$ cat work-v4.txt   # compact mmCIF, C-alpha atoms
# COMPACT_ATOMS: atom_id res chain seq x y z
CA MET A 1 17.07 12.34 7.49
CA THR A 2 16.76 13.31 3.82
CA LEU A 3 13.15 13.16 2.69
CA LYS A 4 12.12 11.47 -0.53
CA PRO A 5 10.53 13.90 -2.99
CA GLU A 6 7.07 12.44 -2.44
CA ASP A 7 7.45 12.79 1.34
CA ARG A 8 8.64 16.37 1.02
CA ALA A 9 5.69 17.13 -1.26
CA TYR A 10 3.29 15.72 1.36
CA GLN A 11 5.02 17.77 4.06
CA LEU A 12 4.47 20.94 2.03
CA VAL A 13 0.75 20.47 1.40
CA ASN A 14 0.31 19.38 5.03
CA GLY A 15 1.76 22.63 6.31
CA PHE A 16 -1.55 24.24 7.23
CA ARG A 17 -2.36 21.36 9.58
CA ALA A 18 1.13 21.35 11.09
CA ALA A 19 0.85 25.08 11.86
CA GLN A 20 -2.42 24.54 13.72
CA VAL A 21 -1.07 21.55 15.66
CA VAL A 22 2.00 23.49 16.80
CA GLY A 23 -0.04 26.61 17.47
CA GLY A 24 -2.50 24.63 19.59
CA ALA A 25 0.31 23.05 21.59
CA VAL A 26 1.84 26.47 22.27
CA ARG A 27 -1.47 28.00 23.34
CA LEU A 28 -1.99 25.07 25.73
CA GLY A 29 1.53 25.55 27.09
CA ILE A 30 2.55 21.94 26.41
CA PRO A 31 6.25 22.69 25.78
CA ASP A 32 6.36 24.66 29.04
CA HIS A 33 4.60 21.90 30.97
CA LEU A 34 7.28 19.50 29.70
CA ALA A 35 10.14 21.79 30.70
CA THR A 36 10.94 19.86 33.87
CA GLY A 37 10.72 16.41 32.33
CA PRO A 38 8.43 13.81 30.75
CA MET A 39 4.73 13.79 31.61
CA SER A 40 1.90 11.35 31.07
CA VAL A 41 -1.15 12.09 28.97
CA ASP A 42 -3.26 12.17 32.12
CA GLY A 43 -0.89 14.62 33.78
CA LEU A 44 -0.94 16.91 30.76
CA SER A 45 -4.70 16.55 30.55
CA MET A 46 -5.03 17.87 34.09
CA GLU A 47 -2.75 20.82 33.30
CA THR A 48 -4.35 21.76 29.98
CA LYS A 49 -7.99 20.88 30.77
CA ILE A 50 -8.18 18.92 27.49
CA GLU A 51 -9.81 15.47 27.46
CA ALA A 52 -7.09 12.79 27.54
CA GLY A 53 -8.14 10.98 24.35
CA ARG A 54 -8.09 14.10 22.19
CA LEU A 55 -4.92 15.32 23.86
CA ARG A 56 -3.11 12.07 23.10
CA ARG A 57 -3.98 12.49 19.43
CA LEU A 58 -2.49 16.00 19.51
CA LEU A 59 0.65 14.68 21.21
CA ARG A 60 1.05 11.95 18.60
CA GLY A 61 0.81 14.64 15.92
CA LEU A 62 3.55 16.55 17.72
CA VAL A 63 5.66 13.38 17.81
CA ALA A 64 5.28 12.99 14.04
CA LEU A 65 6.32 16.62 13.59
CA GLY A 66 9.40 16.16 15.79
CA VAL A 67 8.22 18.59 18.48
CA VAL A 68 7.84 16.04 21.29
CA ALA A 69 9.00 12.44 21.77
CA GLU A 70 7.10 9.51 23.27
CA GLN A 71 9.03 7.55 25.90
CA ASN A 72 8.84 3.76 26.28
CA ASP A 73 6.60 4.20 29.33
CA GLY A 74 4.11 6.28 27.32
CA ARG A 75 5.12 9.64 28.74
CA PHE A 76 6.00 12.57 26.48
CA SER A 77 9.00 14.93 26.52
CA ASN A 78 10.23 17.89 24.52
CA THR A 79 12.64 17.43 21.66
CA GLU A 80 15.21 20.13 20.85
CA VAL A 81 12.59 21.60 18.54
CA GLY A 82 9.95 21.50 21.26
CA GLU A 83 12.27 23.37 23.61
CA LEU A 84 12.16 26.27 21.14
CA PHE A 85 8.44 26.70 21.81
CA ARG A 86 8.95 27.29 25.53
CA GLU A 87 8.57 30.71 27.12
CA GLY A 88 11.74 32.68 27.73
CA VAL A 89 14.33 30.34 26.21
CA PRO A 90 16.93 31.80 23.82
CA GLY A 91 15.67 31.72 20.25
CA THR A 92 12.11 30.83 21.28
CA ARG A 93 9.51 30.63 18.53
CA ARG A 94 6.64 30.61 21.02
CA LEU A 95 5.82 34.28 20.52
CA MET A 96 5.80 33.89 16.75
CA ALA A 97 3.32 31.02 16.97
CA LEU A 98 1.06 33.07 19.24
CA MET A 99 1.18 36.06 16.88
CA LEU A 100 0.63 34.31 13.55
CA ILE A 101 -2.39 32.22 14.57
CA PRO A 102 -5.17 33.07 14.04
CA GLU A 103 -4.78 36.52 12.43
CA SER A 104 -2.17 35.71 9.77
CA TYR A 105 -3.57 32.22 9.26
CA ARG A 106 -6.90 33.73 8.24
CA ALA A 107 -5.19 36.30 6.01
CA TRP A 108 -3.36 33.55 4.09
CA ASP A 109 -6.70 31.97 3.24
CA HIS A 110 -6.91 34.83 0.71
CA PHE A 111 -3.46 34.23 -0.79
CA MET A 112 -4.72 33.63 -4.33
CA GLU A 113 -6.79 36.82 -4.22
CA THR A 114 -3.71 38.74 -3.12
CA LEU A 115 -1.68 37.25 -5.96
CA GLN A 116 -4.38 38.07 -8.50
CA THR A 117 -5.38 41.54 -7.32
CA GLY A 118 -2.70 42.88 -5.00
CA VAL A 119 -5.29 43.43 -2.25
CA THR A 120 -3.83 42.23 1.04
CA GLY A 121 -5.15 39.05 2.55
CA HIS A 122 -5.27 40.77 5.93
CA SER A 123 -7.70 43.41 4.71
CA LEU A 124 -9.87 40.76 3.05
CA ALA A 125 -9.92 38.60 6.18
CA HIS A 126 -10.22 41.31 8.82
CA GLY A 127 -11.94 44.21 7.09
CA GLY A 128 -9.09 46.69 7.43
CA THR A 129 -5.32 47.15 7.56
CA LEU A 130 -3.02 45.45 10.03
CA TRP A 131 -2.55 48.78 11.79
CA GLU A 132 -6.30 49.17 12.21
CA SER A 133 -6.50 45.65 13.64
CA LEU A 134 -3.73 46.41 16.13
CA ALA A 135 -5.38 49.68 17.17
CA ARG A 136 -8.72 48.04 17.97
CA ASP A 137 -7.46 44.74 19.44
CA PRO A 138 -5.17 45.16 22.49
CA ASP A 139 -4.56 41.41 22.76
CA PHE A 140 -3.34 41.17 19.15
CA ALA A 141 -1.26 44.32 19.64
CA ALA A 142 0.38 42.81 22.73
CA ARG A 143 1.23 39.59 20.86
CA PHE A 144 2.52 41.55 17.87
CA ASN A 145 4.65 43.89 20.01
CA ALA A 146 6.06 40.94 21.95
CA VAL A 147 7.38 39.35 18.74
CA MET A 148 8.85 42.62 17.51
CA ALA A 149 10.59 43.16 20.86
CA SER A 150 11.93 39.61 20.95
CA ASN A 151 13.35 39.92 17.43
CA SER A 152 14.91 43.26 18.32
CA GLU A 153 16.51 41.86 21.46
CA GLU A 154 18.11 39.11 19.37
CA VAL A 155 19.56 41.54 16.84
CA ALA A 156 20.40 44.50 19.13
CA ARG A 157 23.94 43.35 19.89
CA PHE A 158 24.67 42.95 16.18
CA VAL A 159 23.44 46.50 15.50
CA ALA A 160 25.22 48.00 18.50
CA THR A 161 28.58 46.49 17.59
CA SER A 162 28.35 46.81 13.79
CA GLY A 163 26.76 50.24 13.38
CA GLU A 164 28.63 53.55 13.31
CA PHE A 165 27.69 55.34 16.55
CA THR A 166 30.99 57.16 17.09
CA HIS A 167 29.67 60.70 16.62
CA ALA A 168 26.07 60.11 17.71
CA SER A 169 24.32 61.48 20.77
CA VAL A 170 20.61 60.86 20.11
CA VAL A 171 19.25 57.65 18.57
CA ILE A 172 15.67 57.51 17.25
CA ASP A 173 13.96 54.11 17.18
CA VAL A 174 11.47 54.79 14.38
CA GLY A 175 8.35 52.66 14.78
CA GLY A 176 10.21 51.18 17.72
CA GLY A 177 7.34 49.62 19.68
CA LYS A 178 8.57 48.68 23.13
CA GLY A 179 11.97 50.17 22.34
CA ALA A 180 13.89 46.90 22.49
CA LEU A 181 16.36 47.83 19.75
CA VAL A 182 17.31 51.26 21.06
CA ALA A 183 17.46 49.87 24.60
CA GLY A 184 19.97 47.26 23.50
CA VAL A 185 22.03 49.86 21.66
CA MET A 186 22.03 52.19 24.67
CA LEU A 187 23.13 49.41 26.99
CA ASP A 188 26.15 48.88 24.73
CA HIS A 189 26.77 52.65 24.41
CA PRO A 190 26.06 54.26 27.81
CA ARG A 191 26.66 57.81 26.54
CA LEU A 192 23.78 57.63 24.05
CA ARG A 193 20.27 58.92 24.62
CA GLY A 194 17.27 57.49 22.83
CA ILE A 195 13.77 58.26 21.62
CA VAL A 196 11.18 55.59 20.88
CA TYR A 197 8.81 56.95 18.24
CA ASP A 198 5.62 55.10 17.33
CA VAL A 199 1.82 55.22 17.19
CA PRO A 200 -0.10 54.76 20.47
CA ALA A 201 -0.79 51.04 19.94
CA GLY A 202 2.92 50.42 19.51
CA LEU A 203 3.81 52.31 22.68
CA ALA A 204 1.33 50.65 25.04
CA GLU A 205 4.04 48.79 26.98
CA THR A 206 7.09 50.91 26.20
CA SER A 207 7.42 52.74 29.50
CA GLU A 208 7.41 49.52 31.52
CA TYR A 209 9.79 47.81 29.11
CA LEU A 210 12.38 50.60 29.18
CA ALA A 211 12.23 50.69 32.97
CA ALA A 212 12.79 46.94 33.14
CA ARG A 213 15.84 47.28 30.87
CA GLY A 214 17.23 50.08 33.05
CA VAL A 215 17.30 52.78 30.37
CA ALA A 216 14.10 54.74 31.08
CA ASP A 217 16.08 57.72 32.39
CA ARG A 218 17.91 58.03 29.05
CA CYS A 219 15.05 57.32 26.65
CA ALA A 220 12.05 59.48 25.78
CA ILE A 221 8.78 58.14 24.37
CA VAL A 222 7.14 60.17 21.62
CA GLU A 223 3.88 59.44 19.80
CA GLY A 224 3.66 60.31 16.14
CA ASP A 225 3.26 59.33 12.50
CA PHE A 226 6.54 58.67 10.68
CA PHE A 227 4.93 59.61 7.37
CA LYS A 228 4.55 63.16 8.69
CA SER A 229 7.52 63.80 10.96
CA VAL A 230 10.17 62.25 13.19
CA PRO A 231 12.23 63.85 15.99
CA ALA A 232 15.64 65.32 15.24
CA GLY A 233 18.48 62.91 15.90
CA ASP A 234 21.86 61.50 14.91
CA VAL A 235 20.94 57.89 14.15
CA TYR A 236 17.59 56.65 12.85
CA LEU A 237 16.99 52.98 13.55
CA LEU A 238 14.44 51.42 11.18
CA LYS A 239 14.05 47.74 11.98
CA ASP A 240 11.32 45.82 10.14
CA ILE A 241 9.82 49.16 9.06
CA LEU A 242 10.54 49.64 5.36
CA HIS A 243 9.54 46.07 4.48
CA ASP A 244 6.00 46.87 5.66
CA TRP A 245 5.48 49.28 2.75
CA ASP A 246 5.62 49.56 -1.02
CA ASP A 247 8.45 51.54 -2.61
CA GLU A 248 6.56 54.83 -2.68
CA ARG A 249 5.75 54.80 1.01
CA ALA A 250 9.08 53.31 2.07
CA GLY A 251 10.78 56.15 0.20
CA ALA A 252 8.49 58.65 1.94
CA ILE A 253 9.57 57.35 5.36
CA LEU A 254 13.23 57.74 4.42
CA ALA A 255 12.58 61.27 3.13
CA VAL A 256 10.93 62.26 6.43
CA CYS A 257 13.95 60.92 8.32
CA ARG A 258 16.32 62.76 5.96
CA ALA A 259 14.51 66.05 6.58
CA ALA A 260 14.86 65.71 10.37
CA MET A 261 18.50 64.58 10.46
CA ASN A 262 21.06 66.50 12.44
CA PRO A 263 24.28 67.27 10.50
CA GLY A 264 26.31 64.09 10.07
CA ALA A 265 23.36 61.83 10.96
CA ARG A 266 22.63 58.45 9.42
CA THR A 267 19.86 55.90 8.99
CA MET A 268 20.43 52.32 10.08
CA ILE A 269 18.05 49.97 8.30
CA VAL A 270 17.81 46.58 9.97
CA GLU A 271 16.04 44.23 7.58
CA ARG A 272 16.28 40.92 5.80
CA VAL A 273 18.29 41.72 2.68
CA PRO A 274 18.07 38.68 0.41
CA PRO A 275 20.54 37.97 -2.38
CA SER A 276 19.38 38.26 -5.96
CA HIS A 277 19.11 34.47 -6.27
CA LEU A 278 17.74 32.21 -3.54
CA SER A 279 18.34 28.55 -2.74
CA ASP A 280 16.70 26.12 -0.32
CA ASP A 281 19.01 27.32 2.47
CA PRO A 282 17.03 27.80 5.72
CA VAL A 283 17.99 31.49 5.90
CA HIS A 284 16.74 31.96 2.34
CA LEU A 285 13.48 30.29 3.36
CA ASN A 286 13.13 32.94 6.06
CA PHE A 287 13.74 35.66 3.45
CA ALA A 288 11.19 34.24 1.02
CA MET A 289 8.44 33.48 3.55
CA THR A 290 8.77 36.89 5.21
CA ASP A 291 8.60 38.55 1.81
CA LEU A 292 5.36 36.68 1.07
CA GLN A 293 4.06 37.51 4.54
CA MET A 294 4.59 41.20 3.79
CA MET A 295 2.66 40.84 0.54
CA VAL A 296 -0.27 39.08 2.22
CA GLN A 297 -0.34 41.12 5.41
CA LEU A 298 0.69 44.64 4.42
CA GLY A 299 1.43 45.00 0.72
CA GLY A 300 5.14 45.47 1.52
CA ARG A 301 8.21 43.51 0.47
CA GLU A 302 11.76 42.49 1.30
CA ARG A 303 14.42 44.17 -0.85
CA THR A 304 17.87 43.33 -2.16
CA LEU A 305 20.63 45.82 -1.54
CA GLU A 306 20.34 46.99 -5.15
CA GLU A 307 16.62 47.63 -4.65
CA TYR A 308 17.37 50.01 -1.78
CA GLU A 309 19.49 52.29 -3.95
CA PRO A 310 16.62 54.11 -5.76
CA LEU A 311 14.85 54.58 -2.42
CA PHE A 312 17.95 56.23 -1.01
CA GLU A 313 18.42 58.40 -4.09
CA GLY A 314 14.82 59.61 -3.99
CA ALA A 315 15.13 60.51 -0.30
CA GLY A 316 18.42 62.40 -0.62
CA LEU A 317 20.50 59.62 0.90
CA LYS A 318 23.31 57.35 -0.25
CA LEU A 319 24.53 53.96 0.87
CA ASP A 320 27.44 54.25 3.30
CA ARG A 321 27.89 50.80 4.83
CA PHE A 322 26.46 47.31 4.51
CA THR A 323 27.08 44.71 7.21
CA PRO A 324 25.86 41.15 6.61
CA GLY A 325 24.38 39.32 9.58
CA GLY A 326 22.42 36.13 9.90
CA VAL A 327 18.74 36.62 9.14
CA TYR A 328 19.06 40.41 9.52
CA GLN A 329 21.52 42.70 7.77
CA LEU A 330 22.48 46.28 8.57
CA VAL A 331 22.23 48.91 5.82
CA GLU A 332 23.52 52.38 6.70
CA ALA A 333 22.79 55.46 4.61
CA VAL A 334 23.89 59.07 5.01
CA ALA A 335 22.79 62.36 3.51
CA VAL A 336 23.98 63.16 0.01
$ encode --input "work-v4.txt" --output "structure tokens"
Amino acid sequence: MTLKPEDRAYQLVNGFRAAQVVGGAVRLGIPDHLATGPMSVDGLSMETKIEAGRLRRLLRGLVALGVVAEQNDGRFSNTEVGELFREGVPGTRRLMALMLIPESYRAWDHFMETLQTGVTGHSLAHGGTLWESLARDPDFAARFNAVMASNSEEVARFVATSGEFTHASVVIDVGGGKGALVAGVMLDHPRLRGIVYDVPAGLAETSEYLAARGVADRCAIVEGDFFKSVPAGDVYLLKDILHDWDDERAGAILAVCRAAMNPGARTMIVERVPPSHLSDDPVHLNFAMTDLQMMVQLGGRERTLEEYEPLFEGAGLKLDRFTPGGVYQLVEAVAV
């Protein structure tokens, strides 16, 4: 239904509570417990080890948010939205909920300080950069890498079928984590070989992941710092990499890739590329919120296509192709 302005305003200021309610439900596995059908409060209490009275209050909050529904007999079931917080379903948002709370939630408590000073909320909340947090906290790194891999799996087919791989032999997944993007591309292009290039924290589960996808024999794993060097290759995949950084450092990453390129090579940037003017379209909401997340978490930003052009020019590249997608777009650049 269409909300009245006053109801929409309440919904907006209530967002911090809604995030915690949904995050708590996901951590307790409530959507997964309801996967086979409606359950009573007592049944869910036994599964989650949460006292029935408090659990019922959580469930009623989830009803009000449209995540679960209460049946006439008092049992609860998933809605279509609730199904999207289950493990392993297409389009699941479960991993995102597990990643954002509590680390990003705490960082956003410093949003005004970030706006006023430019200092990231993550560093204020956690005493260091996101990368330092990931390096010292294996659990956070695992949750972070799981989200990155899930997003890459969703977009891999789009990249594999839209990108220009005709003359390529070796594809470098720069900052590739588990290697989900290059694995998906290699499955679509069996002649290609790949390299997943990342820091140690990003590569903690890469070997097992590539083996599970059946591409380990065609994909090398290389540790390194993409500000210093990258392996030689024909295609450089950069998904959700440049938006982590300000223009100076994003340009530096592109310049390092340009220096390592084989003749005829190209970069394939897989990012949210918002239009110059946004509306209240749900995809535009994703653009805007991710842009703000980059500001709070890393000091990075999302960029319009026009804003990529000076980065390319400074790195000795030029725009070759732009392919619109859904949330993600594909921007291909080649050497000047």
$ closest_residue --input "work-v4.txt" --among "A:Val182, A:Val283, A:Cys219, A:Val174" --to "A:Ile241" --atoms "only C-alpha atoms"
A:Val174
$ residues_around --input "work-v4.txt" --residues "A:Phe226" --least-positions-apart "3" --cutoff "12 Å" --atoms "all atoms listed in the file" --output "ChimeraX atom specification"
/A:172-176,196-199,222-223,229-231,236,238,241-242,249-260
$ closest_residue --input "work-v4.txt" --among "A:Asn78, A:Asn262, A:Thr206, A:Thr267" --to "A:Ser169" --atoms "only C-alpha atoms"
A:Asn262
$ closest_residue --input "work-v4.txt" --among "A:Gly214, A:Gly24, A:Gly118, A:Gly66" --to "A:Leu292" --atoms "only C-alpha atoms"
A:Gly118
$ residues_near_point --input "work-v4.txt" --point "(2.7, 43.3, 19.5)" --cutoff "9 Å" --atoms "only C-alpha atoms" --output "PyMOL selection string"
chain A and resi 99+134+138-149+177-178+201-202
$ atom_distance --input "work-v4.txt" --atom1 "atom CA of A:Thr129" --atom2 "atom CA of A:Gly224"
18.1 Å
$ atom_distance --input "work-v4.txt" --atom1 "atom CA of A:Val215" --atom2 "atom CA of A:Asp320"
28.9 Å
$ atom_distance --input "work-v4.txt" --atom1 "atom CA of A:Glu70" --atom2 "atom CA of A:Ser40"
9.6 Å
$ residues_around --input "work-v4.txt" --residues "A:Glu309" --least-positions-apart "5" --cutoff "12 Å" --atoms "only C-alpha atoms" --output "ChimeraX atom specification"
/A:247,251,254,303-304,314-320,331-333
$ write_last_selection --input "work-v4.txt" --atoms "C-alpha atoms" --output "compact mmCIF listing (two decimals), in the coordinates of the input"
# COMPACT_ATOMS: atom_id res chain seq x y z
CA ASP A 247 8.45 51.54 -2.61
CA GLY A 251 10.78 56.15 0.20
CA LEU A 254 13.23 57.74 4.42
CA ARG A 303 14.42 44.17 -0.85
CA THR A 304 17.87 43.33 -2.16
CA GLY A 314 14.82 59.61 -3.99
CA ALA A 315 15.13 60.51 -0.30
CA GLY A 316 18.42 62.40 -0.62
CA LEU A 317 20.50 59.62 0.90
CA LYS A 318 23.31 57.35 -0.25
CA LEU A 319 24.53 53.96 0.87
CA ASP A 320 27.44 54.25 3.30
CA VAL A 331 22.23 48.91 5.82
CA GLU A 332 23.52 52.38 6.70
CA ALA A 333 22.79 55.46 4.61
$ closest_residue --input "work-v4.txt" --among "A:Ser104, A:Thr166, A:Ser123, A:Gln11" --to "A:Asp234" --atoms "all atoms listed in the file"
A:Thr166
$ residues_near_point --input "work-v4.txt" --point "(8.0, 15.2, 31.2)" --cutoff "6 Å" --atoms "all atoms listed in the file" --output "ChimeraX atom specification"
/A:34,37-39,76-77
$ residues_around --input "work-v4.txt" --residues "A:Arg213" --least-positions-apart "3" --cutoff "12 Å" --atoms "all atoms listed in the file" --output "VMD selection string"
chain A and resid 153 178 to 187 206 to 210 216 to 219
$ write_last_selection --input "work-v4.txt" --atoms "C-alpha atoms" --output "compact mmCIF listing (two decimals), in the coordinates of the input"
# COMPACT_ATOMS: atom_id res chain seq x y z
CA GLU A 153 16.51 41.86 21.46
CA LYS A 178 8.57 48.68 23.13
CA GLY A 179 11.97 50.17 22.34
CA ALA A 180 13.89 46.90 22.49
CA LEU A 181 16.36 47.83 19.75
CA VAL A 182 17.31 51.26 21.06
CA ALA A 183 17.46 49.87 24.60
CA GLY A 184 19.97 47.26 23.50
CA VAL A 185 22.03 49.86 21.66
CA MET A 186 22.03 52.19 24.67
CA LEU A 187 23.13 49.41 26.99
CA THR A 206 7.09 50.91 26.20
CA SER A 207 7.42 52.74 29.50
CA GLU A 208 7.41 49.52 31.52
CA TYR A 209 9.79 47.81 29.11
CA LEU A 210 12.38 50.60 29.18
CA ALA A 216 14.10 54.74 31.08
CA ASP A 217 16.08 57.72 32.39
CA ARG A 218 17.91 58.03 29.05
CA CYS A 219 15.05 57.32 26.65
$ closest_residue --input "work-v4.txt" --among "A:Ala64, A:Ala9, A:Leu84, A:Leu285" --to "A:Val26" --atoms "only C-alpha atoms"
A:Leu84
$ closest_residue --input "work-v4.txt" --among "A:Leu278, A:Met46, A:Ala288, A:Ala160" --to "A:Leu330" --atoms "all atoms listed in the file"
A:Ala160
$ build_atoms --input "work-v4.txt" --residues "stretch 290-299 of chain A" --atoms "all heavy atoms" --output "PDB file, in the coordinates of the input"
ATOM      1  N   THR A 290       9.068  35.557   4.662  1.00  0.00           N
ATOM      2  CA  THR A 290       8.770  36.890   5.210  1.00  0.00           C
ATOM      3  C   THR A 290       8.358  37.844   4.100  1.00  0.00           C
ATOM      4  O   THR A 290       7.456  38.675   4.286  1.00  0.00           O
ATOM      5  CB  THR A 290       9.977  37.442   5.979  1.00  0.00           C
ATOM      6  OG1 THR A 290      10.389  36.486   6.960  1.00  0.00           O
ATOM      7  CG2 THR A 290       9.620  38.742   6.687  1.00  0.00           C
ATOM      8  N   ASP A 291       8.987  37.725   2.948  1.00  0.00           N
ATOM      9  CA  ASP A 291       8.600  38.550   1.810  1.00  0.00           C
ATOM     10  C   ASP A 291       7.140  38.286   1.423  1.00  0.00           C
ATOM     11  O   ASP A 291       6.348  39.222   1.213  1.00  0.00           O
ATOM     12  CB  ASP A 291       9.518  38.251   0.625  1.00  0.00           C
ATOM     13  CG  ASP A 291       9.178  39.070  -0.600  1.00  0.00           C
ATOM     14  OD1 ASP A 291       9.078  40.309  -0.483  1.00  0.00           O
ATOM     15  OD2 ASP A 291       8.992  38.481  -1.679  1.00  0.00           O
ATOM     16  N   LEU A 292       6.746  37.024   1.381  1.00  0.00           N
ATOM     17  CA  LEU A 292       5.360  36.680   1.070  1.00  0.00           C
ATOM     18  C   LEU A 292       4.409  37.133   2.189  1.00  0.00           C
ATOM     19  O   LEU A 292       3.282  37.569   1.918  1.00  0.00           O
ATOM     20  CB  LEU A 292       5.222  35.186   0.821  1.00  0.00           C
ATOM     21  CG  LEU A 292       5.866  34.668  -0.470  1.00  0.00           C
ATOM     22  CD1 LEU A 292       5.929  33.152  -0.468  1.00  0.00           C
ATOM     23  CD2 LEU A 292       5.111  35.176  -1.695  1.00  0.00           C
ATOM     24  N   GLN A 293       4.876  37.027   3.428  1.00  0.00           N
ATOM     25  CA  GLN A 293       4.060  37.510   4.540  1.00  0.00           C
ATOM     26  C   GLN A 293       3.786  39.003   4.407  1.00  0.00           C
ATOM     27  O   GLN A 293       2.668  39.478   4.658  1.00  0.00           O
ATOM     28  CB  GLN A 293       4.770  37.228   5.877  1.00  0.00           C
ATOM     29  CG  GLN A 293       4.065  37.763   7.114  1.00  0.00           C
ATOM     30  CD  GLN A 293       2.825  36.972   7.494  1.00  0.00           C
ATOM     31  OE1 GLN A 293       2.573  35.910   6.932  1.00  0.00           O
ATOM     32  NE2 GLN A 293       2.064  37.475   8.447  1.00  0.00           N
ATOM     33  N   MET A 294       4.788  39.764   3.986  1.00  0.00           N
ATOM     34  CA  MET A 294       4.590  41.200   3.790  1.00  0.00           C
ATOM     35  C   MET A 294       3.580  41.464   2.679  1.00  0.00           C
ATOM     36  O   MET A 294       2.756  42.382   2.780  1.00  0.00           O
ATOM     37  CB  MET A 294       5.924  41.878   3.460  1.00  0.00           C
ATOM     38  CG  MET A 294       6.938  41.891   4.593  1.00  0.00           C
ATOM     39  SD  MET A 294       6.302  42.645   6.119  1.00  0.00           S
ATOM     40  CE  MET A 294       5.909  41.185   7.079  1.00  0.00           C
ATOM     41  N   MET A 295       3.623  40.673   1.628  1.00  0.00           N
ATOM     42  CA  MET A 295       2.660  40.840   0.540  1.00  0.00           C
ATOM     43  C   MET A 295       1.238  40.564   1.015  1.00  0.00           C
ATOM     44  O   MET A 295       0.305  41.319   0.719  1.00  0.00           O
ATOM     45  CB  MET A 295       3.016  39.907  -0.618  1.00  0.00           C
ATOM     46  CG  MET A 295       2.090  40.024  -1.817  1.00  0.00           C
ATOM     47  SD  MET A 295       2.631  39.032  -3.229  1.00  0.00           S
ATOM     48  CE  MET A 295       2.271  37.374  -2.651  1.00  0.00           C
ATOM     49  N   VAL A 296       1.066  39.477   1.762  1.00  0.00           N
ATOM     50  CA  VAL A 296      -0.270  39.080   2.220  1.00  0.00           C
ATOM     51  C   VAL A 296      -0.779  39.995   3.323  1.00  0.00           C
ATOM     52  O   VAL A 296      -1.964  40.340   3.356  1.00  0.00           O
ATOM     53  CB  VAL A 296      -0.244  37.614   2.699  1.00  0.00           C
ATOM     54  CG1 VAL A 296      -1.540  37.233   3.402  1.00  0.00           C
ATOM     55  CG2 VAL A 296       0.010  36.677   1.526  1.00  0.00           C
ATOM     56  N   GLN A 297       0.090  40.397   4.218  1.00  0.00           N
ATOM     57  CA  GLN A 297      -0.340  41.120   5.410  1.00  0.00           C
ATOM     58  C   GLN A 297      -0.400  42.631   5.208  1.00  0.00           C
ATOM     59  O   GLN A 297      -1.307  43.292   5.723  1.00  0.00           O
ATOM     60  CB  GLN A 297       0.620  40.808   6.560  1.00  0.00           C
ATOM     61  CG  GLN A 297       0.264  41.458   7.890  1.00  0.00           C
ATOM     62  CD  GLN A 297       1.070  40.873   9.026  1.00  0.00           C
ATOM     63  OE1 GLN A 297       0.642  39.962   9.713  1.00  0.00           O
ATOM     64  NE2 GLN A 297       2.272  41.396   9.230  1.00  0.00           N
ATOM     65  N   LEU A 298       0.556  43.178   4.448  1.00  0.00           N
ATOM     66  CA  LEU A 298       0.690  44.640   4.420  1.00  0.00           C
ATOM     67  C   LEU A 298       0.830  45.247   3.028  1.00  0.00           C
ATOM     68  O   LEU A 298       0.724  46.464   2.881  1.00  0.00           O
ATOM     69  CB  LEU A 298       1.914  45.047   5.246  1.00  0.00           C
ATOM     70  CG  LEU A 298       1.754  44.936   6.761  1.00  0.00           C
ATOM     71  CD1 LEU A 298       3.116  44.834   7.433  1.00  0.00           C
ATOM     72  CD2 LEU A 298       0.995  46.133   7.289  1.00  0.00           C
ATOM     73  N   GLY A 299       1.142  44.430   2.030  1.00  0.00           N
ATOM     74  CA  GLY A 299       1.430  45.000   0.720  1.00  0.00           C
ATOM     75  C   GLY A 299       2.861  45.496   0.602  1.00  0.00           C
ATOM     76  O   GLY A 299       3.196  46.232  -0.327  1.00  0.00           O
TER      77      GLY A 299
END
